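Note sheet for the following structure.
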Amino acid sequence: MFRKMRRSPQALSREEMIDLLKTETRGVMSVHGDDGYPYGVPINHFYNDEDGKLYFHGAKFGHRVDAVKSDPKVSYCVYGGEYKDEGDWAYRVKSVIVFGRAELIEDTAEIERISRLLCEKFPCPQEYVEKEIEKDTKNTLLIAIKIEDMNGKLVHEA
């Protein structure tokens with residue numbers, strides 16, 4: 001069902017892929033959009049070790065939500081972890097592409113819990129987090145991706 005990575009010597013281990021999902025804060029979620037066009041949206045994420053799912057928060061309406069309701073199959077791409085080998089001019093970059101099915105979560109307690117965990121990835125004051133959660137939870141929707149497959153690689157940009 002899912003394609004194998006063509007350049008397997010560049011493949012990341014499962015642990016390296018999970019680490020990238022945990023440490024990087026942003027990626028692009030792609031859904032089956034309007035009129036058959038793909039729709040990719042940059043978004044912040046949280047990888048939950050407890051259940052192995054990716055979580056996103058946002059408004060209860062919009063293109064992304066409509067697309068997930070229509071077809072829950074999504075992909076999510078994260079890249080980062082750039083570094084240069086000593087004496088090299090080109091960067092090495094890690095990337096992960098996740099494939100899975102999205103589910104919409106409207107449970108208030110779960111939205112608050114995951115929102116707090118997502119915010120721990122950012123250097124914002126706890127008072128700010130609590131104020132935003134109190135103000136916006138009623139208007140917030142979570143999207144969880146149950147990961148069905150993922151692949152990752154390390155590329156040399158030369």
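Labels for the structure tokens follow display order: chains A, B, ..., residues from 1 in each chain, ligands from 1.
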
query: Near Trp89 in chain A, within 12 Å and counting only C-alpha atoms, which residues show up once chain neighbours fewer than 6 positions away are dropped, as number ranges by chain?
result: A: 83, 156-158

task: Report as a PyMOL selection string: the residues of range 56-123 of chain A with a DSSP assignment of helix (DSSP H, G or I), based on the backbone of this structure.
output: chain A and resi 63-70+108-119

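Of the listed residues A:Ile111, A:Val74, A:Met29, A:Cys124, the one whose atoms come nearest to Phe99 in chain A is A:Val74, with distances taken using only C-alpha atoms.
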
- request: Find the residues around range 114-117 of chain A up to 9 Å (only C-alpha atoms counted), leave out those fewer than 5 positions away in its own chain, and share them as a ChimeraX atom specification.
  value: /A:46,48,55-57,109,129-130,133,137,142

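Between CA of Arg3 in chain A and CA of Met150 in chain A lies a distance of 9.9 Å.
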
- prompt: Of the candidates A:Lys53, A:Arg6, A:Lys153, A:Arg64, which one gets nearest to Val28 in chain A if we count only C-alpha atoms?
  reply: A:Arg64

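If you measure from each of A:Arg26, A:Lys4, A:His32, A:Arg101 to Glu148 in chain A using only C-alpha atoms, the closest one turns out to be A:Arg101.
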
Quick one: everything within 10 Å of Lys138 in chain A, counting only C-alpha atoms, minus sequence neighbours fewer than 3 positions away in the same chain. Send it as a CSV table (one decimal) with N, CA and C atoms, in the first residue's frame.
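part.csv was written with the following content:
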chain,number,residue,atom,x,y,z
A,59,ALA,N,-8.9,26.0,14.6
A,59,ALA,CA,-10.3,26.4,14.6
A,59,ALA,C,-11.2,25.2,14.3
A,60,LYS,N,-12.5,25.3,14.6
A,60,LYS,CA,-13.4,24.2,14.4
A,60,LYS,C,-13.9,24.2,12.9
A,106,GLU,N,-13.2,16.8,19.7
A,106,GLU,CA,-13.9,18.0,20.2
A,106,GLU,C,-14.1,17.9,21.8
A,107,ASP,N,-13.6,16.9,22.4
A,107,ASP,CA,-13.6,16.8,23.9
A,107,ASP,C,-12.8,17.9,24.5
A,108,THR,N,-13.5,18.7,25.3
A,108,THR,CA,-12.8,19.9,26.0
A,108,THR,C,-11.6,19.5,26.8
A,111,ILE,N,-8.8,18.5,24.6
A,111,ILE,CA,-8.2,19.7,23.9
A,111,ILE,C,-7.3,20.5,24.9
A,112,GLU,N,-7.7,20.7,26.1
A,112,GLU,CA,-6.9,21.4,27.1
A,112,GLU,C,-5.6,20.6,27.4
A,133,ILE,N,-5.7,29.1,26.7
A,133,ILE,CA,-6.5,27.9,26.8
A,133,ILE,C,-7.9,28.2,27.4
A,134,GLU,N,-7.9,29.1,28.4
A,134,GLU,CA,-9.2,29.5,29.0
A,134,GLU,C,-10.1,30.2,28.0
A,135,LYS,N,-9.4,31.1,27.3
A,135,LYS,CA,-10.1,32.0,26.3
A,135,LYS,C,-10.6,31.2,25.1
A,141,LEU,N,-10.5,23.0,18.0
A,141,LEU,CA,-10.7,21.6,17.6
A,141,LEU,C,-9.3,21.0,17.5

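The coordinates place CA of Ser75 in chain A at 5.2 Å from CA of Ser30 in chain A.
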
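Of note, CA of Pro42 in chain A and CA of Ser8 in chain A are spaced 27.0 Å apart.
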
field: Which residue of A:Pro123, A:Gly52, A:Gly62, A:Gly40 approaches Ile147 in chain A most closely, using only C-alpha atoms
entry: A:Gly52
